[in-house]
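The file entry.pdb contains PDB, C-alpha atoms:
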```
MODEL        1
ATOM      1  CA  MET A   1       1.374  -2.355   3.882
ATOM      2  CA  PRO A   2       3.297  -2.230   3.120
ATOM      3  CA  THR A   3      11.082  -8.940   3.509
ATOM      4  CA  PHE A   4      11.592  -6.217   0.887
ATOM      5  CA  ARG A   5      12.626  -7.006  -2.680
ATOM      6  CA  SER A   6      14.331  -5.155  -5.477
ATOM      7  CA  LEU A   7      12.300  -2.474  -7.180
ATOM      8  CA  ALA A   8      13.915  -3.760 -10.328
ATOM      9  CA  LEU A   9      11.553  -6.719 -10.123
ATOM     10  CA  ALA A  10       8.617  -4.367 -10.256
ATOM     11  CA  ALA A  11      10.258  -2.584 -13.165
ATOM     12  CA  ALA A  12      10.406  -5.902 -14.956
ATOM     13  CA  GLY A  13       6.690  -6.176 -14.535
ATOM     14  CA  PHE A  14       6.219  -2.716 -16.013
ATOM     15  CA  ALA A  15       8.357  -3.699 -18.964
ATOM     16  CA  THR A  16       5.890  -6.450 -19.742
ATOM     17  CA  LEU A  17       3.034  -4.031 -19.293
ATOM     18  CA  ALA A  18       4.568  -1.484 -21.633
ATOM     19  CA  ALA A  19       4.259  -3.908 -24.521
ATOM     20  CA  THR A  20       0.496  -4.195 -24.011
ATOM     21  CA  PRO A  21      -2.020  -1.554 -25.170
ATOM     22  CA  GLN A  22      -3.672   0.107 -22.154
ATOM     23  CA  GLN A  23      -6.501   2.176 -23.587
ATOM     24  CA  GLY A  24      -9.264   1.773 -26.093
ATOM     25  CA  MET A  25      -9.368  -1.974 -25.568
ATOM     26  CA  SER A  26     -12.200  -3.878 -27.216
ATOM     27  CA  ALA A  27     -13.047  -7.084 -25.411
ATOM     28  CA  PRO A  28     -15.947  -9.464 -24.644
ATOM     29  CA  LEU A  29     -16.914 -10.176 -21.043
ATOM     30  CA  GLY A  30     -15.721 -13.780 -21.121
ATOM     31  CA  ASP A  31     -16.716 -16.096 -18.256
ATOM     32  CA  THR A  32     -19.381 -14.170 -16.329
ATOM     33  CA  ASN A  33     -20.347 -17.226 -14.268
ATOM     34  CA  ALA A  34     -17.007 -17.514 -12.474
ATOM     35  CA  PRO A  35     -16.510 -14.817  -9.817
ATOM     36  CA  ILE A  36     -13.448 -12.594  -9.928
ATOM     37  CA  ARG A  37     -11.795 -12.984  -6.528
ATOM     38  CA  ILE A  38     -10.147  -9.850  -5.174
ATOM     39  CA  SER A  39      -7.693  -9.848  -2.270
ATOM     40  CA  LEU A  40      -8.341  -7.844   0.897
ATOM     41  CA  ASN A  41      -5.213  -6.957   2.901
ATOM     42  CA  GLU A  42      -4.692  -5.600   6.398
ATOM     43  CA  TRP A  43      -5.364  -1.878   5.969
ATOM     44  CA  THR A  44      -8.457   0.152   5.162
ATOM     45  CA  GLY A  45      -7.016   1.967   2.160
ATOM     46  CA  GLN A  46      -6.331  -1.300   0.353
ATOM     47  CA  ASN A  47      -9.834  -2.516   1.168
ATOM     48  CA  ILE A  48     -11.223   0.648  -0.425
ATOM     49  CA  THR A  49      -9.145   0.047  -3.545
ATOM     50  CA  ALA A  50     -10.475  -3.522  -3.668
ATOM     51  CA  HIS A  51     -14.123  -2.541  -3.207
ATOM     52  CA  VAL A  52     -13.966   0.230  -5.801
ATOM     53  CA  ALA A  53     -12.509  -2.288  -8.260
ATOM     54  CA  GLY A  54     -15.145  -4.837  -7.262
ATOM     55  CA  GLN A  55     -18.096  -2.496  -7.710
ATOM     56  CA  LEU A  56     -16.752  -1.359 -11.080
ATOM     57  CA  LEU A  57     -16.414  -4.963 -12.209
ATOM     58  CA  GLU A  58     -19.979  -5.623 -11.092
ATOM     59  CA  LYS A  59     -21.172  -2.646 -13.126
ATOM     60  CA  LEU A  60     -19.410  -4.210 -16.079
ATOM     61  CA  GLY A  61     -21.375  -7.437 -15.590
ATOM     62  CA  TYR A  62     -19.132  -9.677 -13.488
ATOM     63  CA  LYS A  63     -19.563 -11.528 -10.223
ATOM     64  CA  VAL A  64     -17.076 -10.568  -7.514
ATOM     65  CA  GLN A  65     -15.850 -12.194  -4.320
ATOM     66  CA  TYR A  66     -13.507 -10.690  -1.735
ATOM     67  CA  GLN A  67     -10.824 -12.908  -0.214
ATOM     68  CA  THR A  68      -9.178 -11.821   3.044
ATOM     69  CA  ALA A  69      -5.443 -12.455   2.755
ATOM     70  CA  GLY A  70      -2.280 -10.985   4.239
ATOM     71  CA  SER A  71       0.136  -8.978   2.137
ATOM     72  CA  PHE A  72       2.425 -11.988   1.740
ATOM     73  CA  PRO A  73      -0.020 -14.957   2.073
ATOM     74  CA  GLN A  74      -2.114 -13.563  -0.795
ATOM     75  CA  TRP A  75       0.464 -14.924  -3.228
ATOM     76  CA  ILE A  76      -0.343 -18.435  -2.105
ATOM     77  CA  GLY A  77      -3.915 -17.629  -3.119
ATOM     78  CA  MET A  78      -2.676 -16.456  -6.486
ATOM     79  CA  GLN A  79      -0.841 -19.744  -6.874
ATOM     80  CA  ASP A  80      -3.735 -22.018  -5.919
ATOM     81  CA  GLY A  81      -6.336 -20.024  -7.861
ATOM     82  CA  SER A  82      -8.296 -18.644  -4.912
ATOM     83  CA  ILE A  83      -7.294 -15.036  -5.737
ATOM     84  CA  ASP A  84      -7.365 -13.442  -9.181
ATOM     85  CA  LEU A  85      -6.673  -9.756  -8.575
ATOM     86  CA  VAL A  86      -4.396  -7.835  -6.207
ATOM     87  CA  PRO A  87      -5.583  -4.259  -6.815
ATOM     88  CA  GLU A  88      -3.050  -2.455  -4.600
ATOM     89  CA  LEU A  89       0.510  -3.764  -4.298
ATOM     90  CA  TRP A  90       3.217  -1.612  -2.726
ATOM     91  CA  THR A  91       6.327  -2.490  -4.706
ATOM     92  CA  ASN A  92       8.675  -1.898  -1.795
ATOM     93  CA  ASN A  93       6.920  -4.700   0.086
ATOM     94  CA  LEU A  94       6.953  -7.670  -2.243
ATOM     95  CA  GLY A  95       7.746 -10.647  -0.002
ATOM     96  CA  ASP A  96       9.505 -13.785  -1.205
ATOM     97  CA  ILE A  97       6.860 -15.474  -3.363
ATOM     98  CA  TYR A  98       5.765 -12.628  -5.643
ATOM     99  CA  PRO A  99       9.152 -12.012  -7.350
ATOM    100  CA  LYS A 100       9.376 -15.685  -8.287
ATOM    101  CA  MET A 101       5.819 -15.690  -9.605
ATOM    102  CA  LEU A 102       6.523 -12.581 -11.668
ATOM    103  CA  ALA A 103       9.691 -14.114 -13.100
ATOM    104  CA  ASP A 104       7.790 -17.316 -13.950
ATOM    105  CA  LYS A 105       4.977 -15.250 -15.557
ATOM    106  CA  LYS A 106       2.388 -16.617 -13.140
ATOM    107  CA  VAL A 107       1.256 -13.067 -12.394
ATOM    108  CA  GLU A 108       1.095  -9.939 -14.517
ATOM    109  CA  VAL A 109       1.413  -6.256 -13.646
ATOM    110  CA  VAL A 110      -1.466  -4.291 -15.185
ATOM    111  CA  GLY A 111      -0.398  -0.762 -14.326
ATOM    112  CA  ASP A 112       0.190   1.841 -11.655
ATOM    113  CA  LEU A 113      -2.800   2.562  -9.398
ATOM    114  CA  GLY A 114      -2.077   6.302  -9.346
ATOM    115  CA  LEU A 115      -1.919   6.688  -5.565
ATOM    116  CA  ASN A 116       1.285   8.766  -5.522
ATOM    117  CA  ALA A 117       2.083   6.985  -2.283
ATOM    118  CA  ARG A 118       4.729   7.685   0.340
ATOM    119  CA  ASP A 119       6.477   5.312   2.729
ATOM    120  CA  GLY A 120       9.282   5.902   5.197
ATOM    121  CA  TRP A 121      10.294   7.059   8.669
ATOM    122  CA  ALA A 122       8.326   9.990  10.021
ATOM    123  CA  TYR A 123       8.249  12.029  13.206
ATOM    124  CA  THR A 124       6.113  14.396  15.258
ATOM    125  CA  ASP A 125       6.917  18.073  15.741
ATOM    126  CA  ALA A 126       8.028  17.313  19.315
ATOM    127  CA  THR A 127      10.720  15.032  17.905
ATOM    128  CA  LEU A 128      12.208  17.980  16.044
ATOM    129  CA  LYS A 129      12.663  19.777  19.356
ATOM    130  CA  ALA A 130      14.652  16.828  20.723
ATOM    131  CA  CYS A 131      16.524  16.179  17.458
ATOM    132  CA  PRO A 132      17.099  19.607  15.895
ATOM    133  CA  GLY A 133      19.077  18.203  12.963
ATOM    134  CA  LEU A 134      15.975  16.637  11.440
ATOM    135  CA  PRO A 135      14.914  15.871   8.743
ATOM    136  CA  SER A 136      18.440  14.542   8.120
ATOM    137  CA  TRP A 137      18.786  10.949   9.321
ATOM    138  CA  LYS A 138      22.127  11.945  10.891
ATOM    139  CA  ALA A 139      20.201  13.767  13.614
ATOM    140  CA  LEU A 140      19.252  10.328  14.941
ATOM    141  CA  MET A 141      22.906   9.651  15.742
ATOM    142  CA  GLU A 142      22.989  12.286  18.485
ATOM    143  CA  PRO A 143      22.833  10.883  22.061
ATOM    144  CA  ASN A 144      20.218  13.434  23.128
ATOM    145  CA  CYS A 145      17.981  12.384  20.247
ATOM    146  CA  ALA A 146      18.265   8.684  21.050
ATOM    147  CA  ALA A 147      17.572   9.411  24.727
ATOM    148  CA  ALA A 148      14.433  11.401  23.876
ATOM    149  CA  LEU A 149      13.101   8.496  21.782
ATOM    150  CA  ALA A 150      14.111   5.719  24.220
ATOM    151  CA  THR A 151      11.701   3.524  26.144
ATOM    152  CA  ALA A 152      12.312   0.985  28.906
ATOM    153  CA  GLU A 153      12.495  -1.819  26.336
ATOM    154  CA  THR A 154      14.992  -0.053  24.045
ATOM    155  CA  LEU A 155      17.418   1.733  26.393
ATOM    156  CA  PRO A 156      20.022   2.965  25.640
ATOM    157  CA  ASN A 157      18.728   3.078  22.078
ATOM    158  CA  GLY A 158      15.883   5.191  20.855
ATOM    159  CA  ARG A 159      12.742   3.445  19.651
ATOM    160  CA  LEU A 160      11.502   3.323  16.072
ATOM    161  CA  LEU A 161       7.843   2.271  16.050
ATOM    162  CA  ASP A 162       7.825  -0.072  13.098
ATOM    163  CA  TYR A 163       5.212  -1.715  10.904
ATOM    164  CA  PRO A 164       3.482  -4.833  12.270
ATOM    165  CA  ALA A 165       5.767  -7.858  12.001
ATOM    166  CA  ASP A 166       3.619  -9.621   9.405
ATOM    167  CA  TRP A 167       3.870  -6.676   7.013
ATOM    168  CA  GLY A 168       7.602  -7.092   6.605
ATOM    169  CA  THR A 169      10.059  -4.208   6.975
ATOM    170  CA  ALA A 170      13.600  -3.173   6.121
ATOM    171  CA  SER A 171      13.863  -0.765   9.059
ATOM    172  CA  ALA A 172      16.005  -3.028  11.239
ATOM    173  CA  ASN A 173      18.417  -3.530   8.339
ATOM    174  CA  GLU A 174      18.664   0.227   7.726
ATOM    175  CA  ILE A 175      19.397   0.738  11.432
ATOM    176  CA  ALA A 176      22.110  -1.952  11.430
ATOM    177  CA  ASP A 177      23.714  -0.830   8.159
ATOM    178  CA  PHE A 178      24.176   2.732   9.374
ATOM    179  CA  ASN A 179      24.812   1.981  13.066
ATOM    180  CA  ILE A 180      21.945   4.195  14.148
ATOM    181  CA  PRO A 181      21.272   3.984  17.914
ATOM    182  CA  LEU A 182      17.688   2.841  17.428
ATOM    183  CA  THR A 183      15.726  -0.343  18.020
ATOM    184  CA  ALA A 184      12.858  -1.172  15.674
ATOM    185  CA  VAL A 185       9.810  -2.294  17.679
ATOM    186  CA  PRO A 186       6.909  -3.661  15.589
ATOM    187  CA  ALA A 187       3.438  -2.294  16.261
ATOM    188  CA  GLY A 188       0.649  -4.765  16.859
ATOM    189  CA  SER A 189      -1.535  -3.450  14.044
ATOM    190  CA  GLU A 190      -2.364  -0.442  11.897
ATOM    191  CA  GLY A 191      -4.708   0.680  14.659
ATOM    192  CA  ALA A 192      -1.854   0.585  17.170
ATOM    193  CA  LEU A 193       0.304   2.745  14.913
ATOM    194  CA  VAL A 194      -2.463   5.324  14.545
ATOM    195  CA  ALA A 195      -3.348   5.325  18.248
ATOM    196  CA  GLU A 196       0.249   5.965  19.272
ATOM    197  CA  LEU A 197       0.632   8.753  16.739
ATOM    198  CA  GLN A 198      -2.529  10.432  18.017
ATOM    199  CA  ALA A 199      -1.396  10.097  21.625
ATOM    200  CA  ALA A 200       2.086  11.448  20.891
ATOM    201  CA  ALA A 201       0.710  14.427  18.986
ATOM    202  CA  ALA A 202      -1.804  15.226  21.756
ATOM    203  CA  ALA A 203       0.911  15.021  24.441
ATOM    204  CA  ASP A 204       3.504  16.872  22.328
ATOM    205  CA  LYS A 205       5.744  13.828  22.734
ATOM    206  CA  PRO A 206       8.691  12.735  20.563
ATOM    207  CA  LEU A 207       7.870   9.807  18.288
ATOM    208  CA  LEU A 208       9.709   8.250  15.364
ATOM    209  CA  MET A 209       7.756   5.726  13.335
ATOM    210  CA  ARG A 210       7.474   3.962  10.016
ATOM    211  CA  PHE A 211       4.372   5.220   8.242
ATOM    212  CA  TRP A 212       2.820   5.732   4.838
ATOM    213  CA  ALA A 213       0.560   8.012   2.828
ATOM    214  CA  PRO A 214      -2.235   8.150   1.905
ATOM    215  CA  HIS A 215      -3.801   7.668   5.335
ATOM    216  CA  TRP A 216      -6.757   9.424   6.943
ATOM    217  CA  ILE A 217      -4.809  10.308  10.104
ATOM    218  CA  LEU A 218      -2.635  12.669   8.077
ATOM    219  CA  THR A 219      -5.672  14.908   7.585
ATOM    220  CA  LYS A 220      -5.793  15.344  11.367
ATOM    221  CA  VAL A 221      -2.243  14.988  12.704
ATOM    222  CA  LYS A 222       0.900  16.604  11.333
ATOM    223  CA  LEU A 223       3.649  14.135  10.518
ATOM    224  CA  ASN A 224       7.075  15.055   9.135
ATOM    225  CA  TRP A 225       9.098  12.805   6.819
ATOM    226  CA  LEU A 226      12.719  11.910   7.494
ATOM    227  CA  ASP A 227      15.354  12.103   4.767
ATOM    228  CA  MET A 228      16.349   8.440   4.832
ATOM    229  CA  PRO A 229      19.932   7.118   4.839
ATOM    230  CA  PRO A 230      21.277   6.568   1.322
ATOM    231  CA  CYS A 231      21.033   3.041  -0.007
ATOM    232  CA  ASP A 232      20.961   1.152  -3.273
ATOM    233  CA  PRO A 233      17.380   0.852  -4.552
ATOM    234  CA  LYS A 234      18.348  -2.507  -6.038
ATOM    235  CA  ASP A 235      18.938  -3.847  -2.527
ATOM    236  CA  GLY A 236      15.288  -3.835  -1.503
ATOM    237  CA  PRO A 237      15.597  -5.858   1.735
ATOM    238  CA  ARG A 238      17.908  -3.187   3.155
ATOM    239  CA  CYS A 239      16.167  -0.046   1.929
ATOM    240  CA  VAL A 240      13.128   1.886   3.073
ATOM    241  CA  LEU A 241      12.070   3.622  -0.115
ATOM    242  CA  PRO A 242       8.849   5.002  -1.563
ATOM    243  CA  ALA A 243       7.758   3.059  -4.601
ATOM    244  CA  PRO A 244       4.967   2.776  -7.164
ATOM    245  CA  VAL A 245       1.735   1.124  -6.084
ATOM    246  CA  ILE A 246       0.646  -1.274  -8.797
ATOM    247  CA  LYS A 247      -2.187  -3.632  -9.796
ATOM    248  CA  VAL A 248      -1.482  -7.337 -10.378
ATOM    249  CA  VAL A 249      -3.583 -10.146 -11.876
ATOM    250  CA  ARG A 250      -3.121 -13.884 -12.003
ATOM    251  CA  SER A 251      -1.853 -15.415 -15.233
ATOM    252  CA  GLY A 252      -4.758 -16.111 -17.595
ATOM    253  CA  PHE A 253      -6.923 -13.310 -16.191
ATOM    254  CA  GLY A 254      -7.083 -11.527 -19.548
ATOM    255  CA  GLU A 255      -8.079 -14.654 -21.441
ATOM    256  CA  LYS A 256     -10.787 -15.594 -18.943
ATOM    257  CA  TRP A 257     -12.214 -12.080 -18.420
ATOM    258  CA  PRO A 258     -11.115  -9.860 -21.342
ATOM    259  CA  ALA A 259     -13.286  -6.836 -20.506
ATOM    260  CA  ALA A 260     -12.352  -7.048 -16.816
ATOM    261  CA  TYR A 261      -8.716  -7.095 -17.853
ATOM    262  CA  ALA A 262      -9.220  -3.930 -19.905
ATOM    263  CA  LEU A 263     -11.035  -2.205 -17.033
ATOM    264  CA  THR A 264      -8.381  -3.198 -14.515
ATOM    265  CA  LYS A 265      -5.704  -1.627 -16.697
ATOM    266  CA  LEU A 266      -7.615   1.661 -16.840
ATOM    267  CA  TYR A 267      -8.582   1.768 -13.162
ATOM    268  CA  GLN A 268      -7.009   4.591 -11.117
ATOM    269  CA  LEU A 269      -7.594   5.856  -7.574
ATOM    270  CA  SER A 270      -6.097   9.063  -6.199
ATOM    271  CA  ALA A 271      -4.530   9.390  -2.763
ATOM    272  CA  ASP A 272      -6.898  12.225  -1.879
ATOM    273  CA  ASP A 273      -9.997  10.185  -2.699
ATOM    274  CA  GLN A 274      -8.755   7.120  -0.860
ATOM    275  CA  GLN A 275      -7.796   9.176   2.184
ATOM    276  CA  LYS A 276     -11.227  10.828   2.416
ATOM    277  CA  MET A 277     -13.020   7.494   2.132
ATOM    278  CA  THR A 278     -10.733   5.965   4.758
ATOM    279  CA  PHE A 279     -11.706   8.713   7.197
ATOM    280  CA  GLU A 280     -15.414   8.022   6.641
ATOM    281  CA  ILE A 281     -14.908   4.319   7.290
ATOM    282  CA  ASP A 282     -12.441   4.395  10.170
ATOM    283  CA  GLN A 283     -13.695   7.480  11.977
ATOM    284  CA  ASP A 284     -17.320   7.991  10.962
ATOM    285  CA  LYS A 285     -17.854   4.204  11.088
ATOM    286  CA  LYS A 286     -19.703   4.055   7.793
ATOM    287  CA  PRO A 287     -19.873   0.682   5.991
ATOM    288  CA  ILE A 288     -17.216   0.410   3.317
ATOM    289  CA  GLU A 289     -19.768  -0.666   0.712
ATOM    290  CA  ASP A 290     -21.813   2.497   1.299
ATOM    291  CA  VAL A 291     -18.794   4.793   1.231
ATOM    292  CA  VAL A 292     -17.516   3.278  -2.007
ATOM    293  CA  SER A 293     -20.978   3.405  -3.607
ATOM    294  CA  ALA A 294     -21.297   7.081  -2.687
ATOM    295  CA  TRP A 295     -17.894   7.805  -4.193
ATOM    296  CA  LEU A 296     -18.854   6.022  -7.400
ATOM    297  CA  ASP A 297     -22.131   7.977  -7.586
ATOM    298  CA  ALA A 298     -20.233  11.244  -7.219
ATOM    299  CA  HIS A 299     -17.477  10.360  -9.687
ATOM    300  CA  ALA A 300     -19.309   8.752 -12.587
ATOM    301  CA  SER A 301     -17.515  11.061 -15.016
ATOM    302  CA  THR A 302     -14.234   9.524 -13.858
ATOM    303  CA  TRP A 303     -15.039   5.836 -14.181
ATOM    304  CA  SER A 304     -17.737   5.725 -16.878
ATOM    305  CA  PRO A 305     -15.193   6.081 -19.687
ATOM    306  CA  TRP A 306     -13.333   3.056 -18.308
ATOM    307  CA  ILE A 307     -16.507   0.992 -18.428
ATOM    308  CA  ASP A 308     -17.321   2.196 -21.941
ATOM    309  CA  ALA A 309     -13.832   1.430 -23.215
ATOM    310  CA  ALA A 310     -13.717  -2.006 -21.577
ATOM    311  CA  LYS A 311     -17.011  -3.281 -23.043
ATOM    312  CA  LYS A 312     -16.610  -2.079 -26.632
TER
ENDMDL
END
```

If you took the structure in this file and wrote it as structure tokens, what would it be?
Amino acid sequence: MPTFRSLALAAAGFATLAATPQQGMSAPLGDTNAPIRISLNEWTGQNITAHVAGQLLEKLGYKVQYQTAGSFPQWIGMQDGSIDLVPELWTNNLGDIYPKMLADKKVEVVGDLGLNARDGWAYTDATLKACPGLPSWKALMEPNCAAALATAETLPNGRLLDYPADWGTASANEIADFNIPLTAVPAGSEGALVAELQAAAAADKPLLMRFWAPHWILTKVKLNWLDMPPCDPKDGPRCVLPAPVIKVVRSGFGEKWPAAYALTKLYQLSADDQQKMTFEIDQDKKPIEDVVSAWLDAHASTWSPWIDAAKK
């Protein structure tokens, strides 16, 4: 998920959105021969968001293709035309290309996804025993806390298990800015993050990590959220902050696929629904297409009005 950029850039996108009607849109289908290409990022929740959007677009009468792309490389796809829709963008993880594309009006924000997401440093209950001042970030300054979190590769500092390197993160900057005796160590993958959290919880072991919600593991393992050090939200590269999760389309999307544009604006997905589907996929090993189809079958009253409004 989630280099960090100013949330003000995302706000600029919302300003553009605010000038555009979002409901009751009447629009033709447009080019139904050209597939709408939807990005797939590195975590299951985003893939669910993409497949729900894709199946809804298919119900509306469009062809859909899924394009695997990293959180940052996907913007190259938006530039060269190989990706048309980014259905889940965490606005505290924007990379270097997206802000420029937004400023140049090469992409357009089409609304908040409705996930009510969370992102930040979190810790197990065992960490609280070693760092009794938690959830205040100042508890991390205590030598006993750092020692309890230390590993052979971080001594004398404690370890912060960070996001995978290719996701981008401001954690190291937060640590440096506040002289916290921690070392940020990137995880190899989402799976590695989850596996270490499960192991730490089972062993009642201290663990401090960067994590996010929604995520299926939070239905099984208790994780506590740290009150982060204060920082200026405008200085995105040096702040770990929760932020809106938005939907973004390539410039010209609305002209090429008017009804799809209307549907994409209306599309919402709750954290609870995404989390439950993620559990079925990651733990019950059900195919994502089947899980999403089952969700759509059970929630027709939710999405049918979007379809009806988009094709009027």

Quick one: of A:Leu89, A:Ile38, A:Leu207, A:Ile76, who's nearest to Asp162 of chain A, counting only C-alpha atoms?
-> A:Leu207

Apply the PyMOL selection byres ((chain A and resi 210) around 6) to the displayed file and report the matching residues as number ranges by chain.
-> A: 120-121, 162, 209, 211

Any chance you could resolve the PyMOL selection byres ((chain A and resi 261) around 12) against this file and give the residues as a ChimeraX atom specification?
-> /A:20-23,25-30,36,53,56-57,60,62,84-85,87,108-111,247-260,262-267,306-307,309-311

Point-to-point distance in Å for atom CA of Ile83 of chain A and atom CA of Lys106 of chain A | 12.3 Å

Answer key for the PyMOL selection byres ((chain A and resi 70) around 12), residues as a VMD selection string | chain A and resid 1 to 2 39 to 43 46 to 47 67 to 69 71 to 77 83 86 89 93 to 95 164 to 168

Just-selected residues, C-alpha atoms written as a PDB file, in the frame of the given file:
```pdb
ATOM      1  CA  MET A   1       1.374  -2.355   3.882  1.00  0.00           C
ATOM      2  CA  PRO A   2       3.297  -2.230   3.120  1.00  0.00           C
ATOM      3  CA  SER A  39      -7.693  -9.848  -2.270  1.00  0.00           C
ATOM      4  CA  LEU A  40      -8.341  -7.844   0.897  1.00  0.00           C
ATOM      5  CA  ASN A  41      -5.213  -6.957   2.901  1.00  0.00           C
ATOM      6  CA  GLU A  42      -4.692  -5.600   6.398  1.00  0.00           C
ATOM      7  CA  TRP A  43      -5.364  -1.878   5.969  1.00  0.00           C
ATOM      8  CA  GLN A  46      -6.331  -1.300   0.353  1.00  0.00           C
ATOM      9  CA  ASN A  47      -9.834  -2.516   1.168  1.00  0.00           C
ATOM     10  CA  GLN A  67     -10.824 -12.908  -0.214  1.00  0.00           C
ATOM     11  CA  THR A  68      -9.178 -11.821   3.044  1.00  0.00           C
ATOM     12  CA  ALA A  69      -5.443 -12.455   2.755  1.00  0.00           C
ATOM     13  CA  SER A  71       0.136  -8.978   2.137  1.00  0.00           C
ATOM     14  CA  PHE A  72       2.425 -11.988   1.740  1.00  0.00           C
ATOM     15  CA  PRO A  73      -0.020 -14.957   2.073  1.00  0.00           C
ATOM     16  CA  GLN A  74      -2.114 -13.563  -0.795  1.00  0.00           C
ATOM     17  CA  TRP A  75       0.464 -14.924  -3.228  1.00  0.00           C
ATOM     18  CA  ILE A  76      -0.343 -18.435  -2.105  1.00  0.00           C
ATOM     19  CA  GLY A  77      -3.915 -17.629  -3.119  1.00  0.00           C
ATOM     20  CA  ILE A  83      -7.294 -15.036  -5.737  1.00  0.00           C
ATOM     21  CA  VAL A  86      -4.396  -7.835  -6.207  1.00  0.00           C
ATOM     22  CA  LEU A  89       0.510  -3.764  -4.298  1.00  0.00           C
ATOM     23  CA  ASN A  93       6.920  -4.700   0.086  1.00  0.00           C
ATOM     24  CA  LEU A  94       6.953  -7.670  -2.243  1.00  0.00           C
ATOM     25  CA  GLY A  95       7.746 -10.647  -0.002  1.00  0.00           C
ATOM     26  CA  PRO A 164       3.482  -4.833  12.270  1.00  0.00           C
ATOM     27  CA  ALA A 165       5.767  -7.858  12.001  1.00  0.00           C
ATOM     28  CA  ASP A 166       3.619  -9.621   9.405  1.00  0.00           C
ATOM     29  CA  TRP A 167       3.870  -6.676   7.013  1.00  0.00           C
ATOM     30  CA  GLY A 168       7.602  -7.092   6.605  1.00  0.00           C
TER      31      GLY A 168
END
```

Long-range neighbours of segment 112-116 of chain A as a list in words, 6 Å cut-off, all atoms listed in the file, 2 positions minimum in chain = Val245, Ile246, Gln268, Leu269, Ser270 and Ala271 of chain A

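In this structure, atom CA of Ala243 of chain A sits 16.7 Å away from atom CA of Glu174 of chain A.
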
If you take every atom of segment 66-81 of chain A that the file lists and fit an axis-aligned box around them with 5 Å extra on each side, what centre and edge lengths come out in Å to one decimal, as JSON?
```
{"center_x": -5.5, "center_y": -15.5, "center_z": -1.8, "size_x": 25.9, "size_y": 23.0, "size_z": 22.1}
```

Within 9 Å of (27.4, 5.7, 16.2), in the coordinates the file gives, what residues turn up when you count only C-alpha atoms, written out as a ChimeraX atom specification?
-> /A:141-142,178-181

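Comparing the minimum interatomic distances between Ala298 of chain A and each of A:His215, A:Asp273, A:Lys234, A:Pro186, counting only C-alpha atoms, we find that A:Asp273 sits nearest.
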
Separation of atom CA of Asp282 of chain A and atom CA of Asp227 of chain A, in Å?
-> 29.3 Å

Contacts of Arg159 of chain A within 8 Å, only C-alpha atoms, excl. fewer than 6 positions in-chain, as a VMD selection string = chain A and resid 146 149 to 151 182 to 185 208

Rank A:Ala294, A:Ala300, A:Leu161, A:Leu223 by their smallest atom-to-atom distance to Ala201 of chain A, using only C-alpha atoms, and report the top residue only.
-> A:Leu223
